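Structure below is entry-v4.txt: compact mmCIF, C-alpha atoms.
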# COMPACT_ATOMS: atom_id res chain seq x y z
CA MET A 699 -22.05 14.97 8.14
CA ASP A 700 -23.90 16.11 11.24
CA LEU A 701 -23.65 19.75 10.23
CA LEU A 702 -26.32 19.33 7.56
CA LYS A 703 -28.74 17.35 9.72
CA PRO A 704 -31.54 19.38 11.29
CA SER A 705 -31.17 19.95 15.01
CA GLY A 706 -33.78 20.70 17.66
CA ASN A 707 -33.27 24.48 17.72
CA LYS A 708 -36.00 27.08 17.21
CA LEU A 709 -35.17 27.70 13.54
CA ALA A 710 -35.45 24.00 12.70
CA LEU A 711 -38.74 23.76 14.57
CA LYS A 712 -40.02 26.79 12.65
CA LEU A 713 -38.95 25.26 9.31
CA PHE A 714 -40.41 21.81 9.98
CA GLU A 715 -43.40 23.17 11.98
CA SER A 716 -43.24 20.57 14.75
CA ARG A 717 -41.00 18.10 16.50
CA LYS A 718 -42.68 15.30 14.58
CA GLY A 719 -41.76 16.96 11.28
CA LEU A 720 -38.21 17.41 12.50
CA ILE A 721 -37.95 13.73 13.46
CA LYS A 722 -39.37 12.71 10.05
CA GLU A 723 -36.75 14.84 8.28
CA ARG A 724 -33.94 13.33 10.36
CA SER A 725 -35.08 9.80 9.59
CA ARG A 726 -35.43 10.68 5.87
CA GLN A 727 -31.85 11.92 5.82
CA GLN A 728 -30.62 8.80 7.61
CA ARG A 729 -32.38 6.58 5.09
CA ALA A 730 -31.01 8.58 2.17
CA ARG A 731 -27.47 8.46 3.60
CA ASN A 732 -24.79 10.83 2.36
CA CYS A 733 -23.67 11.56 -1.15
CA VAL A 734 -21.01 13.64 -2.86
CA CYS A 735 -21.70 15.69 -5.98
CA ARG A 736 -18.51 16.57 -7.80
CA ASN A 737 -18.16 19.94 -9.45
CA ASP A 738 -16.39 18.61 -12.52
CA PHE A 739 -19.00 15.88 -13.13
CA ILE A 740 -22.24 17.38 -11.85
CA GLU A 741 -24.26 14.46 -13.27
CA GLU A 742 -22.26 11.97 -11.23
CA ILE A 743 -23.41 11.48 -7.64
CA ILE A 744 -21.27 9.24 -5.47
CA LEU A 745 -23.22 7.13 -2.98
CA GLU A 746 -20.59 4.56 -2.02
CA PRO A 747 -19.37 5.17 1.57
CA ARG A 748 -15.79 4.13 0.72
CA LEU A 749 -15.53 6.66 -2.11
CA ILE A 750 -17.16 9.33 0.04
CA ALA A 751 -14.53 8.70 2.73
CA ILE A 752 -11.70 8.89 0.19
CA ASN A 753 -13.11 12.14 -1.21
CA TYR A 754 -13.39 13.58 2.32
CA ILE A 755 -9.81 12.61 3.17
CA LYS A 756 -8.56 14.24 -0.05
CA THR A 757 -10.49 17.49 0.47
CA TRP A 758 -11.67 18.62 3.93
CA PHE A 759 -10.08 16.13 6.33
CA ILE A 760 -6.83 18.07 6.87
CA LEU A 761 -8.68 21.31 7.63
CA ASP A 762 -11.12 19.57 9.99
CA LEU A 763 -8.28 17.77 11.76
CA PHE A 764 -6.27 20.99 12.14
CA LEU A 765 -9.23 22.94 13.51
CA SER A 766 -10.20 20.26 16.02
CA VAL A 767 -6.60 19.79 17.23
CA ALA A 768 -6.01 23.56 17.35
CA SER A 769 -9.02 23.98 19.62
CA MET A 770 -7.77 21.31 22.03
CA VAL A 771 -4.24 22.74 22.02
CA MET A 772 -5.52 26.24 22.76
CA ARG A 773 -7.54 24.97 25.73
CA ILE A 774 -4.45 23.23 27.14
CA LEU A 775 -2.28 26.33 26.56
CA ASN A 776 -4.86 28.52 28.31
CA LEU A 777 -4.84 26.15 31.28
CA LEU A 778 -1.03 26.20 31.43
CA ALA A 779 -0.98 30.01 31.23
CA LEU A 780 -3.45 30.19 34.13
CA ILE A 781 -1.32 27.81 36.22
CA ILE A 782 1.82 29.88 35.51
CA LEU A 783 -0.02 33.10 36.41
CA LEU A 784 -1.23 31.64 39.71
CA ALA A 785 2.30 30.38 40.51
CA HIS A 786 3.68 33.87 39.80
CA TRP A 787 1.11 35.51 42.08
CA ASN A 788 1.96 32.98 44.79
CA GLY A 789 5.65 33.93 44.52
CA CYS A 790 4.78 37.63 44.67
CA LEU A 791 2.75 37.11 47.85
CA GLN A 792 5.55 35.08 49.46
CA PHE A 793 8.00 37.91 48.71
CA MET A 794 5.59 40.63 49.86
CA ILE A 795 5.22 39.25 53.42
CA PRO A 796 8.97 39.51 54.29
CA MET A 797 9.05 42.89 52.57
CA PHE A 798 6.41 44.21 54.99
CA GLN A 799 8.53 42.84 57.86
CA ASN A 800 11.59 44.78 56.58
CA PHE A 801 13.37 41.59 55.50
CA PRO A 802 14.21 39.87 58.82
CA SER A 803 17.66 38.24 59.09
CA ASP A 804 16.33 34.68 59.51
CA CYS A 805 14.08 34.95 56.43
CA TRP A 806 14.57 33.09 53.15
CA VAL A 807 14.41 36.43 51.31
CA ALA A 808 17.61 38.45 51.55
CA PHE A 809 17.74 42.13 50.78
CA ILE A 810 21.17 42.99 49.36
CA ASP A 811 22.25 46.63 49.41
CA PRO A 812 24.27 47.46 46.29

Do you think you could lay out the structure here as structure tokens?
Amino acid sequence: MDLLKPSGNKLALKLFESRKGLIKERSRQQRARNCVCRNDFIEEIILEPRLIAINYIKTWFILDLFLSVASMVMRILNLLALIILLAHWNGCLQFMIPMFQNFPSDCWVAFIDP
């Protein structure tokens, strides 16, 4: 899990006192690998990658998947909304020009008197 690994930000540098200390901590965590401590059996620590993956899929995977997909979907929806807004403004401008010309007879815009 990359979230728990120290990054190169100012807080991490302050905690580990130098870049060398930060690199040592990263390598220590990579050597130690990941483990899962279960709440019901606190004495039992799971170190097997296959069991860690199964535990992750059973617990946090659905939430992580939903949040990552939701972020991508929102970015696409924002882009589509921007495209629709720009198309609307384009239509408004194309209507406004004949309106300023008092709707000429050979124009694509027709003004119908009710």

Leaving out A:Trp806 and any residue of its chain fewer than 4 positions from it, which residues lie within 9 Å of it when counting only C-alpha atoms, given as a CSV table (one decimal) with C-alpha atoms, in the coordinates of the input?
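See result_1.csv below for the written result:
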chain,number,residue,atom,x,y,z
A,796,PRO,CA,9.0,39.5,54.3
A,801,PHE,CA,13.4,41.6,55.5
A,802,PRO,CA,14.2,39.9,58.8

Quick one: what's the axis-aligned box for stretch 774-778 of chain A, all listed atoms, 6 Å on every side, centre and edges in Å to one decimal, as lines of an AutoDock Vina configuration file?
center_x = -2.9
center_y = 25.9
center_z = 29.0
size_x = 15.8
size_y = 17.3
size_z = 16.9

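Relative to atom CA of A:Ile781, atom CA of A:Ser766 is found at 23.3 Å.
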
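For the atom pair formed by atom CA of A:Trp787 and atom CA of A:Met770, the distance is 26.1 Å, given to one decimal.
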
Only N, CA and C atoms, please: stretch 743-771 of chain A from the block, as a PDB file, in the first residue's frame.
ATOM      1  N   ILE A 743      -0.558 -12.505  12.412  1.00  0.00           N
ATOM      2  CA  ILE A 743      -0.156 -11.539  11.388  1.00  0.00           C
ATOM      3  C   ILE A 743       0.023 -12.309  10.088  1.00  0.00           C
ATOM      4  N   ILE A 744      -0.673 -11.869   9.057  1.00  0.00           N
ATOM      5  CA  ILE A 744      -0.632 -12.556   7.771  1.00  0.00           C
ATOM      6  C   ILE A 744       0.437 -11.903   6.908  1.00  0.00           C
ATOM      7  N   LEU A 745       1.394 -12.702   6.447  1.00  0.00           N
ATOM      8  CA  LEU A 745       2.481 -12.193   5.620  1.00  0.00           C
ATOM      9  C   LEU A 745       2.437 -12.741   4.201  1.00  0.00           C
ATOM     10  N   GLU A 746       1.568 -13.673   3.932  1.00  0.00           N
ATOM     11  CA  GLU A 746       1.497 -14.298   2.615  1.00  0.00           C
ATOM     12  C   GLU A 746       0.783 -13.371   1.627  1.00  0.00           C
ATOM     13  N   PRO A 747       1.427 -13.010   0.507  1.00  0.00           N
ATOM     14  CA  PRO A 747       0.820 -12.057  -0.439  1.00  0.00           C
ATOM     15  C   PRO A 747      -0.545 -12.504  -0.970  1.00  0.00           C
ATOM     16  N   ARG A 748      -0.722 -13.807  -1.174  1.00  0.00           N
ATOM     17  CA  ARG A 748      -2.004 -14.310  -1.686  1.00  0.00           C
ATOM     18  C   ARG A 748      -3.129 -14.058  -0.678  1.00  0.00           C
ATOM     19  N   LEU A 749      -2.864 -14.323   0.585  1.00  0.00           N
ATOM     20  CA  LEU A 749      -3.879 -14.100   1.616  1.00  0.00           C
ATOM     21  C   LEU A 749      -4.127 -12.611   1.839  1.00  0.00           C
ATOM     22  N   ILE A 750      -3.084 -11.809   1.703  1.00  0.00           N
ATOM     23  CA  ILE A 750      -3.253 -10.355   1.814  1.00  0.00           C
ATOM     24  C   ILE A 750      -4.162  -9.859   0.698  1.00  0.00           C
ATOM     25  N   ALA A 751      -3.942 -10.370  -0.527  1.00  0.00           N
ATOM     26  CA  ALA A 751      -4.780  -9.967  -1.662  1.00  0.00           C
ATOM     27  C   ALA A 751      -6.225 -10.395  -1.456  1.00  0.00           C
ATOM     28  N   ILE A 752      -6.443 -11.600  -0.961  1.00  0.00           N
ATOM     29  CA  ILE A 752      -7.809 -12.075  -0.707  1.00  0.00           C
ATOM     30  C   ILE A 752      -8.475 -11.211   0.355  1.00  0.00           C
ATOM     31  N   ASN A 753      -7.739 -10.885   1.419  1.00  0.00           N
ATOM     32  CA  ASN A 753      -8.287 -10.027   2.471  1.00  0.00           C
ATOM     33  C   ASN A 753      -8.637  -8.643   1.927  1.00  0.00           C
ATOM     34  N   TYR A 754      -7.772  -8.100   1.064  1.00  0.00           N
ATOM     35  CA  TYR A 754      -8.029  -6.783   0.463  1.00  0.00           C
ATOM     36  C   TYR A 754      -9.270  -6.822  -0.420  1.00  0.00           C
ATOM     37  N   ILE A 755      -9.412  -7.867  -1.215  1.00  0.00           N
ATOM     38  CA  ILE A 755     -10.581  -7.981  -2.096  1.00  0.00           C
ATOM     39  C   ILE A 755     -11.858  -8.098  -1.275  1.00  0.00           C
ATOM     40  N   LYS A 756     -11.799  -8.791  -0.146  1.00  0.00           N
ATOM     41  CA  LYS A 756     -12.990  -8.954   0.695  1.00  0.00           C
ATOM     42  C   LYS A 756     -13.352  -7.677   1.450  1.00  0.00           C
ATOM     43  N   THR A 757     -12.378  -6.805   1.713  1.00  0.00           N
ATOM     44  CA  THR A 757     -12.661  -5.649   2.568  1.00  0.00           C
ATOM     45  C   THR A 757     -12.702  -4.333   1.802  1.00  0.00           C
ATOM     46  N   TRP A 758     -11.573  -3.802   1.355  1.00  0.00           N
ATOM     47  CA  TRP A 758     -11.492  -2.439   0.839  1.00  0.00           C
ATOM     48  C   TRP A 758     -11.528  -2.324  -0.675  1.00  0.00           C
ATOM     49  N   PHE A 759     -11.453  -3.425  -1.402  1.00  0.00           N
ATOM     50  CA  PHE A 759     -11.334  -3.367  -2.855  1.00  0.00           C
ATOM     51  C   PHE A 759     -12.529  -2.677  -3.506  1.00  0.00           C
ATOM     52  N   ILE A 760     -13.738  -3.006  -3.080  1.00  0.00           N
ATOM     53  CA  ILE A 760     -14.946  -2.435  -3.690  1.00  0.00           C
ATOM     54  C   ILE A 760     -14.967  -0.920  -3.501  1.00  0.00           C
ATOM     55  N   LEU A 761     -14.654  -0.458  -2.307  1.00  0.00           N
ATOM     56  CA  LEU A 761     -14.634   0.982  -2.048  1.00  0.00           C
ATOM     57  C   LEU A 761     -13.548   1.674  -2.874  1.00  0.00           C
ATOM     58  N   ASP A 762     -12.359   1.100  -2.924  1.00  0.00           N
ATOM     59  CA  ASP A 762     -11.281   1.685  -3.728  1.00  0.00           C
ATOM     60  C   ASP A 762     -11.643   1.719  -5.205  1.00  0.00           C
ATOM     61  N   LEU A 763     -12.241   0.647  -5.703  1.00  0.00           N
ATOM     62  CA  LEU A 763     -12.644   0.589  -7.106  1.00  0.00           C
ATOM     63  C   LEU A 763     -13.704   1.639  -7.397  1.00  0.00           C
ATOM     64  N   PHE A 764     -14.701   1.752  -6.524  1.00  0.00           N
ATOM     65  CA  PHE A 764     -15.767   2.736  -6.721  1.00  0.00           C
ATOM     66  C   PHE A 764     -15.211   4.157  -6.733  1.00  0.00           C
ATOM     67  N   LEU A 765     -14.327   4.463  -5.792  1.00  0.00           N
ATOM     68  CA  LEU A 765     -13.793   5.817  -5.712  1.00  0.00           C
ATOM     69  C   LEU A 765     -12.900   6.160  -6.898  1.00  0.00           C
ATOM     70  N   SER A 766     -12.132   5.207  -7.382  1.00  0.00           N
ATOM     71  CA  SER A 766     -11.284   5.502  -8.543  1.00  0.00           C
ATOM     72  C   SER A 766     -12.115   5.634  -9.809  1.00  0.00           C
ATOM     73  N   VAL A 767     -13.138   4.794  -9.979  1.00  0.00           N
ATOM     74  CA  VAL A 767     -14.001   4.883 -11.162  1.00  0.00           C
ATOM     75  C   VAL A 767     -14.858   6.144 -11.084  1.00  0.00           C
ATOM     76  N   ALA A 768     -15.344   6.483  -9.899  1.00  0.00           N
ATOM     77  CA  ALA A 768     -16.177   7.681  -9.751  1.00  0.00           C
ATOM     78  C   ALA A 768     -15.401   8.932 -10.128  1.00  0.00           C
ATOM     79  N   SER A 769     -14.143   8.983  -9.782  1.00  0.00           N
ATOM     80  CA  SER A 769     -13.318  10.134 -10.136  1.00  0.00           C
ATOM     81  C   SER A 769     -13.173  10.262 -11.645  1.00  0.00           C
ATOM     82  N   MET A 770     -12.914   9.140 -12.317  1.00  0.00           N
ATOM     83  CA  MET A 770     -12.770   9.173 -13.781  1.00  0.00           C
ATOM     84  C   MET A 770     -14.086   9.555 -14.453  1.00  0.00           C
ATOM     85  N   VAL A 771     -15.191   9.015 -13.950  1.00  0.00           N
ATOM     86  CA  VAL A 771     -16.504   9.317 -14.534  1.00  0.00           C
ATOM     87  C   VAL A 771     -16.832  10.794 -14.360  1.00  0.00           C
TER      88      VAL A 771
END
